[in-house]
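This report concerns only the one structure given below.
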Amino acid sequence: MAAIFMLFLKFFAGVALLALVVVLALLFDGADRVAHARMQRRVGPPVFQPVYDILKLAGKENIVPRRAARFFFMLAPWLALVSTLMVFLYIPVGSFPAVLGTEGDMILIVYLLALSGVAMAVGGFASGNPIASIGAGREITLMMSYEFPLAIVITTMAWVAHKCGMEGSPFSLETFAASSVWDAVGKAGDFGLLCLFLSLVFVVPGEIGKGPMDIPEAKTEILDGFIIEYSGVNLALFKITFALRSFAMAAFVTSLFVPASFAGLLGGWGFAAAVLDFLLYWVKVFVVQMVFVTLMRTAFGRLKIWQASRFYVMRVAGLSIAGMLLLSIDVLTR
Amino acid sequence: MSTTYKVPIGPVHVGLKEPVTAWLELDGERIVGARVRPGAIHRGIEFMARERNPIQVIYLSERICGICSFSHVLCFIRAIEDLAGMTVPVRGQYIRTLVLELERVHSHLLWAGVACYTIGFDSAFHLGMQLRERVMDILELLTGNRVNYGVATFGGVRWDVTPELAKAMREMIRYYRREFTPFRDIVMDDPIAHARMRGVGVLTGEEAVRYSATGPTARASGLRIDLRKSSPYEAYGDIPVEPIVPQDHFGAARGDVLDRFAVRVMEVYQSLDVLEKVLDGLPEGPYAAEANLNKVLASLKKAEGTGWGIIEAPRGDDTHVVHLKGGDENVYWWKVRAPTYANAVSWPLMFRGNELADAPLIINSIDPCISCMERMMVTDGRGDPRVVTRAELLERCRRKTFDMMGRRA
């Protein structure tokens, strides 16, 4: 009986969380556009513009190109959206545990994000447009480039959590949300963590296709790339997916590297601290997104695909390996 | 085994300001072949001129291009003045020079912004657009319009530079000296802008000569050519202008997109200097030889002959040739050769060895003005444009000439 009750509780918590996440992601996207515009001395759209866009697109018909592979073309947006949404079921929010925290960990999150990226690329390939194919090809190339540093960051973090005896499963995000990884290591380790943090931050624009890495969409080159043939509801789904992806990456970075919470300050007030942490968490995500998504995309132009690929494979991978070595030295020598 | 596929850039494309099609043959991202197909925005302006008198054609010629409209007007007017033997008062010449340089500033700023937009550097694009507003305001203050100024006329100009206007212009020059440098530094010191523009769309000096590139495109390839120096017109006889080439400022001319960017940026500073000298040396006196347009028109009706006007427009040298027939009020024929026509020939060379991502930037790098360029279109009457070879075109020209001379070949 209790098991069924828990299942229901998780179901309702999950539905409520996902609804909140979609709304917040769209609002953050709107805020991102306003901040982007203000930094360029423009006025920018209303904060609710992404929501209006989605509502408008939802009322429009889907147009399937004659040369498209219809099944994959229609499947891709749903697959991308669902896999991105599922990420949030495995990310702890403040001091609340993740809804399905016991069922999956960081590796699953990375795979879900990769799956949604692959779904986008499949949609591009299936639309039968050479420009969409180029965009999809670029998406895959970019993904192959940033997965390596991303994998190094995650495995190193898990190894550190395991070796330093942080409570909980080493690959679970809750481990990093509950206690600060920065406290667990020494001086050299802090530098190592900084390297890993920067590597992850550099991966963020590539993962979400913004900033200097908006190469798969590249408006002035390949006209929005793989979404060129999408319209109506399908396009709305992709727009939500894009907003969710940057939100998910910001949340991922926050959970892993920014574990600040009120729990220590308000020791006795368990429930109040939990509620404050819940709010604080979204503030942290917002700040991370503003700094590492909005600022990055305002400050830089767009790289070419081979330049971006070289950047990830040489520079960022090198940075993450440096971080890994520093952390290894720190952990093994004490 | 590698397969190539064809991707069109254009006719309507986010990265292009005007409709032109470049069919790129791609191997992955690499360009292995390119065919440029203009022909989407031909308007038959020269034909329209044959039903108008020269004064009406002034305002028609302004509509050739929205950016370098004054260059086309002045070119046309100089061609008419050339054939009718009109003189322009010195103050009129100085004011013409003033507008030419204001237009150059505004054209180069627009181009620099658009180049940044093409590489996805939107912040610099918006900064450039904002900088451009000031010169547009000054042009509006002088002429009443932001584009298509309607300021030139035969034998002078239509509006004078008042002392207040001169003061506003000096303020504008100070504003640009102060505000333009940050924009230049933001773009030219940016690692990503360097990565995108350096070594892209290379046109060597030899090729620039062989394919007769003009204006900033040729200067970026290291050729010291500038009509303002080699055949001075209007006030450029009094105000020396040195052609700006990259080897003087950066050691070597590579002829890539960054060099074209640098040349245009340096020319903005040069234009500011010229503007200051024009304002300093602005002589007193009338600014137009004859204010009564009816008298001008009557004298032009009697004129007969062919006149040439060649000036250095912001994009290169602009040439107009006009023929008037004695006793005929309308323009008999008129030929426009815009700088883009000369520069566009080098596109296929610039595409060599570059990637799809560079294509819009390369197209934009010569600052193309397609509506200036499109002077001809071949159609079979059913709206099906096809391409004629050079020999065929020559044959048709000969046949037409014989027709007009009233005899058959």
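Residues in the structure tokens are named by chain (A, B, ... in the order shown) and by number from 1 within that chain; ligands are numbered from 1 in the order shown.
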
| said: Which residues are close to Glu242 of chain B, i.e. within 9 Å by only C-alpha atoms, leaving aside same-chain residues fewer than 4 positions away? Reply as a PyMOL selection string. | reply: chain B and resi 224+226+228-229+270

| said: as number ranges by chain, please: the residues near segment 115-131 of chain A (cut-off 10 Å, only C-alpha atoms, same-chain neighbours under 6 positions excluded). | reply: A: 64-85, 109, 137-140, 143, 207-209, 216, 221-230, 238, 241-242, 245; B: 5-9

Could you give me, as a tab-separated table, every chain A residue with an atom at most 10 Å from chain B, plus its closest atom pair and distance in Å to one decimal, counting only C-alpha atoms, rows ordered by chain then number?
residue	atom	partner	partner_atom	distance
A:His36	CA	B:Ser123	CA	8.7
A:Ala37	CA	B:Ser123	CA	8.7
A:Met39	CA	B:Ser123	CA	7.8
A:Gln40	CA	B:Ser123	CA	5.3
A:Arg41	CA	B:His126	CA	7.7
A:Arg42	CA	B:His126	CA	8.0
A:Asn129	CA	B:Val7	CA	9.6
A:Pro130	CA	B:Val7	CA	6.8
A:Ile131	CA	B:Val7	CA	7.1
A:Ile134	CA	B:Glu29	CA	7.8
A:Gly137	CA	B:Gly28	CA	8.9
A:Arg138	CA	B:Glu29	CA	9.3
A:Gly211	CA	B:Gly120	CA	8.9
A:Pro212	CA	B:Gly120	CA	8.0
A:Met213	CA	B:Gly120	CA	9.9
A:Asp214	CA	B:Gly120	CA	8.5
A:Ile215	CA	B:Ala357	CA	8.8
A:Ala218	CA	B:Gly120	CA	7.5
A:Lys219	CA	B:Val14	CA	6.8
A:Thr220	CA	B:Gly15	CA	4.3
A:Glu221	CA	B:Ala357	CA	5.6
A:Ile222	CA	B:Ala357	CA	7.8
A:Leu223	CA	B:Val14	CA	6.7
A:Asp224	CA	B:Val14	CA	9.7
A:Arg297	CA	B:Phe121	CA	8.6
A:Thr298	CA	B:Ser123	CA	6.0
A:Ala299	CA	B:Ser123	CA	7.0
A:Phe300	CA	B:Phe121	CA	5.9
A:Gly301	CA	B:Phe121	CA	3.8
A:Arg302	CA	B:Gly120	CA	5.0
A:Leu303	CA	B:Ile192	CA	6.4
A:Lys304	CA	B:Ala357	CA	6.5
A:Ile305	CA	B:Ala357	CA	8.3
A:Trp306	CA	B:Glu29	CA	9.5
A:Gln307	CA	B:Ala195	CA	8.0

Take the residues from that selection and write them out as a short mmCIF file (atom, residue, chain, number, x, y, z; two decimals), in the first residue's frame, keeping N, CA and C atoms.
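Result went into selection19.cif, see below:
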data_model
loop_
_atom_site.label_atom_id
_atom_site.label_comp_id
_atom_site.auth_asym_id
_atom_site.auth_seq_id
_atom_site.Cartn_x
_atom_site.Cartn_y
_atom_site.Cartn_z
N HIS A 36 19.88 40.19 -23.17
CA HIS A 36 20.68 40.23 -24.39
C HIS A 36 20.46 41.55 -25.13
N ALA A 37 19.18 41.95 -25.23
CA ALA A 37 18.86 43.19 -25.93
C ALA A 37 19.41 44.40 -25.17
N MET A 39 21.95 44.58 -23.24
CA MET A 39 23.40 44.68 -23.38
C MET A 39 23.79 45.20 -24.75
N GLN A 40 22.88 45.07 -25.74
CA GLN A 40 23.15 45.62 -27.07
C GLN A 40 22.51 46.98 -27.25
N ARG A 41 22.08 47.58 -26.15
CA ARG A 41 21.40 48.90 -26.15
C ARG A 41 20.12 48.85 -26.99
N ARG A 42 19.43 47.73 -26.92
CA ARG A 42 18.11 47.66 -27.54
C ARG A 42 17.08 47.53 -26.43
N ASN A 129 15.82 18.34 -46.55
CA ASN A 129 16.30 19.62 -47.04
C ASN A 129 17.82 19.62 -46.88
N PRO A 130 18.58 19.94 -47.93
CA PRO A 130 20.04 19.88 -47.78
C PRO A 130 20.56 20.80 -46.68
N ILE A 131 19.90 21.96 -46.50
CA ILE A 131 20.37 22.89 -45.47
C ILE A 131 20.14 22.29 -44.09
N ILE A 134 22.78 19.77 -43.41
CA ILE A 134 24.04 20.39 -43.00
C ILE A 134 23.97 20.75 -41.52
N GLY A 137 24.19 17.64 -39.46
CA GLY A 137 25.56 17.14 -39.46
C GLY A 137 26.43 17.94 -38.51
N ARG A 138 26.23 19.25 -38.50
CA ARG A 138 27.00 20.10 -37.60
C ARG A 138 26.67 19.78 -36.15
N GLY A 211 25.28 31.15 -28.15
CA GLY A 211 26.54 31.84 -27.94
C GLY A 211 27.47 31.61 -29.10
N PRO A 212 28.77 31.44 -28.85
CA PRO A 212 29.66 31.26 -29.99
C PRO A 212 29.48 29.91 -30.67
N MET A 213 28.63 29.05 -30.11
CA MET A 213 28.48 27.71 -30.68
C MET A 213 27.10 27.50 -31.30
N ASP A 214 26.47 28.58 -31.79
CA ASP A 214 25.16 28.38 -32.43
C ASP A 214 25.33 27.94 -33.87
N ILE A 215 26.32 27.09 -34.07
CA ILE A 215 26.70 26.68 -35.43
C ILE A 215 25.64 25.81 -36.10
N ALA A 218 22.96 28.51 -36.91
CA ALA A 218 23.57 29.58 -37.73
C ALA A 218 22.62 30.28 -38.70
N LYS A 219 21.90 31.23 -38.18
CA LYS A 219 20.88 31.91 -38.96
C LYS A 219 21.40 32.53 -40.25
N THR A 220 22.53 33.23 -40.19
CA THR A 220 22.99 33.92 -41.39
C THR A 220 23.76 33.01 -42.34
N GLU A 221 23.97 31.75 -41.93
CA GLU A 221 24.67 30.85 -42.84
C GLU A 221 23.70 29.82 -43.42
N ILE A 222 23.06 29.06 -42.52
CA ILE A 222 22.20 27.98 -43.00
C ILE A 222 20.77 28.14 -42.51
N LEU A 223 20.37 29.38 -42.23
CA LEU A 223 18.95 29.69 -42.02
C LEU A 223 18.29 28.83 -40.96
N ASP A 224 18.83 28.80 -39.77
CA ASP A 224 18.29 28.05 -38.64
C ASP A 224 18.49 26.54 -38.77
N ARG A 297 26.72 34.65 -25.18
CA ARG A 297 26.22 34.81 -26.55
C ARG A 297 26.19 36.27 -26.97
N THR A 298 26.21 37.18 -25.97
CA THR A 298 26.28 38.59 -26.33
C THR A 298 27.71 38.99 -26.68
N ALA A 299 28.66 38.38 -25.99
CA ALA A 299 30.04 38.86 -26.11
C ALA A 299 30.76 38.32 -27.34
N PHE A 300 30.29 37.22 -27.92
CA PHE A 300 31.08 36.61 -28.99
C PHE A 300 30.27 36.38 -30.26
N GLY A 301 30.99 36.34 -31.36
CA GLY A 301 30.39 35.94 -32.62
C GLY A 301 30.34 34.42 -32.71
N ARG A 302 30.14 33.95 -33.94
CA ARG A 302 29.97 32.51 -34.12
C ARG A 302 31.23 31.90 -34.72
N LEU A 303 31.65 30.76 -34.19
CA LEU A 303 32.80 30.06 -34.76
C LEU A 303 32.35 29.20 -35.93
N LYS A 304 33.33 28.75 -36.70
CA LYS A 304 33.03 27.76 -37.73
C LYS A 304 33.08 26.38 -37.08
N ILE A 305 32.49 25.40 -37.75
CA ILE A 305 32.32 24.11 -37.09
C ILE A 305 33.67 23.46 -36.77
N TRP A 306 34.64 23.55 -37.69
CA TRP A 306 35.93 22.90 -37.38
C TRP A 306 36.66 23.66 -36.29
N GLN A 307 36.45 24.99 -36.23
CA GLN A 307 37.09 25.75 -35.16
C GLN A 307 36.50 25.37 -33.81
#

| task | Can you pull out every residue within 9 Å of Ile363 of chain B, counting only C-alpha atoms, but drop anything in the same chain fewer than 6 positions away, and send it as a list in words? | result | Leu16, Ala22, Gly201, Ala344, Trp347, Met350 and Phe351 of chain B

Since we have the selection now, will you write its residues out, keeping C-alpha atoms, as a PDB file, in the first residue's frame?
ATOM      1  CA  LEU B  16      22.277  38.874 -47.670  1.00  0.00           C
ATOM      2  CA  ALA B  22      25.092  31.713 -55.291  1.00  0.00           C
ATOM      3  CA  GLY B 201      37.806  34.980 -49.238  1.00  0.00           C
ATOM      4  CA  ALA B 344      31.201  40.601 -58.254  1.00  0.00           C
ATOM      5  CA  TRP B 347      33.321  36.100 -56.191  1.00  0.00           C
ATOM      6  CA  MET B 350      37.104  34.296 -53.368  1.00  0.00           C
ATOM      7  CA  PHE B 351      35.050  31.147 -52.795  1.00  0.00           C
TER       8      PHE B 351
END

| task | Go ahead and compute the interatomic distance for atom CA of Val153 of chain A and atom CA of Gly168 of chain A, in Å to one decimal. | result |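 Atom CA of Gly168 of chain A lies 18.5 Å from atom CA of Val153 of chain A.
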
| request: For Ala342 of chain B, work out the shell of residues within 7 Å, counting only C-alpha atoms and skipping chain neighbours fewer than 4 positions away, then give it as a PyMOL selection string. | output: chain B and resi 212-214

Which neighbours of segment 190-202 of chain A fall inside 8 Å, counting only C-alpha atoms, when residues of the same chain fewer than 5 positions from it are skipped, and could you give them as a PDB file with C-alpha atoms, in the first residue's frame?
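Final output, saved to around.pdb:
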ATOM      1  CA  PRO A 149      35.445  16.858 -21.956  1.00  0.00           C
ATOM      2  CA  LEU A 150      31.952  16.407 -20.524  1.00  0.00           C
ATOM      3  CA  VAL A 153      34.274  16.236 -15.897  1.00  0.00           C
ATOM      4  CA  TRP A 182      34.703  22.560  -2.854  1.00  0.00           C
ATOM      5  CA  VAL A 185      39.248  18.903  -1.483  1.00  0.00           C
ATOM      6  CA  VAL A 253      26.020  23.196 -13.545  1.00  0.00           C
ATOM      7  CA  PHE A 257      29.269  23.175  -8.621  1.00  0.00           C
ATOM      8  CA  PHE A 292      27.217  31.561 -18.924  1.00  0.00           C
ATOM      9  CA  VAL A 316      38.529  22.242 -23.369  1.00  0.00           C
ATOM     10  CA  ALA A 317      39.586  18.604 -23.249  1.00  0.00           C
ATOM     11  CA  LEU A 319      41.583  21.964 -19.513  1.00  0.00           C
ATOM     12  CA  SER A 320      39.447  19.143 -18.153  1.00  0.00           C
ATOM     13  CA  ALA A 322      44.436  19.335 -16.276  1.00  0.00           C
ATOM     14  CA  GLY A 323      41.609  19.534 -13.757  1.00  0.00           C
ATOM     15  CA  MET A 324      41.527  15.754 -13.488  1.00  0.00           C
ATOM     16  CA  LEU A 325      45.286  15.578 -12.838  1.00  0.00           C
ATOM     17  CA  LEU A 326      45.204  18.354 -10.231  1.00  0.00           C
ATOM     18  CA  LEU A 327      42.357  16.650  -8.400  1.00  0.00           C
TER      19      LEU A 327
END

| Separation of atom CA of His323 of chain B from atom CA of Cys65 of chain B, in Å and rounded to one decimal | 21.5 Å

| message | Using DSSP assignments from the backbone, pull out every residue in segment 67-189 of chain A that falls under alpha helix (DSSP H) and give it to me as a PyMOL selection string. | response | chain A and resi 70-87+106-126+130-163+173-178+181-184+187-189

Just want the 8 Å neighbourhood of segment 67-69 of chain B, counted on only C-alpha atoms, with same-chain residues fewer than 2 positions away dropped. Output as an mmCIF file with C-alpha atoms, in the first residue's frame.
data_model
loop_
_atom_site.group_PDB
_atom_site.id
_atom_site.type_symbol
_atom_site.label_atom_id
_atom_site.label_comp_id
_atom_site.auth_asym_id
_atom_site.auth_seq_id
_atom_site.Cartn_x
_atom_site.Cartn_y
_atom_site.Cartn_z
ATOM 1 C CA SER B 61 19.155 57.860 -60.689
ATOM 2 C CA GLU B 62 18.877 58.339 -56.952
ATOM 3 C CA ARG B 63 16.666 55.238 -56.884
ATOM 4 C CA ILE B 64 19.360 53.046 -58.401
ATOM 5 C CA CYS B 65 20.684 52.384 -54.923
ATOM 6 C CA SER B 71 27.216 58.764 -55.783
ATOM 7 C CA HIS B 72 24.914 57.719 -58.615
ATOM 8 C CA VAL B 73 23.247 61.130 -58.742
ATOM 9 C CA GLU B 103 27.661 58.997 -47.543
ATOM 10 C CA ARG B 104 30.924 57.085 -47.419
ATOM 11 C CA SER B 107 27.903 53.224 -46.111
ATOM 12 C CA VAL B 147 18.317 58.303 -47.880
ATOM 13 C CA ASN B 148 17.780 59.567 -51.447
ATOM 14 C CA TYR B 149 18.816 63.049 -50.424
ATOM 15 C CA ALA B 313 31.690 55.683 -54.717
ATOM 16 C CA PRO B 314 31.957 54.007 -51.282
#

| field | Coordinates-based distance that separates atom CA of Trp159 of chain B from atom CA of Pro216 of chain B (Å, one decimal) | value |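 Going from atom CA of Pro216 of chain B over to atom CA of Trp159 of chain B, I get 29.7 Å.
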
| request: Just the strand (DSSP E) stuff from segment 70-315 of chain B, please, per backbone DSSP, written as a ChimeraX atom specification. | output: /B:152-153,156-157,305-313

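Every protein, DNA or RNA residue with an atom at most 8 Å from Thr217 of chain B, where only C-alpha atoms count and chain neighbours fewer than 6 positions away do not, is listed here: Gly255, Arg260, Arg315, Gly316, Asn343, Ser365 and Ile366 of chain B.
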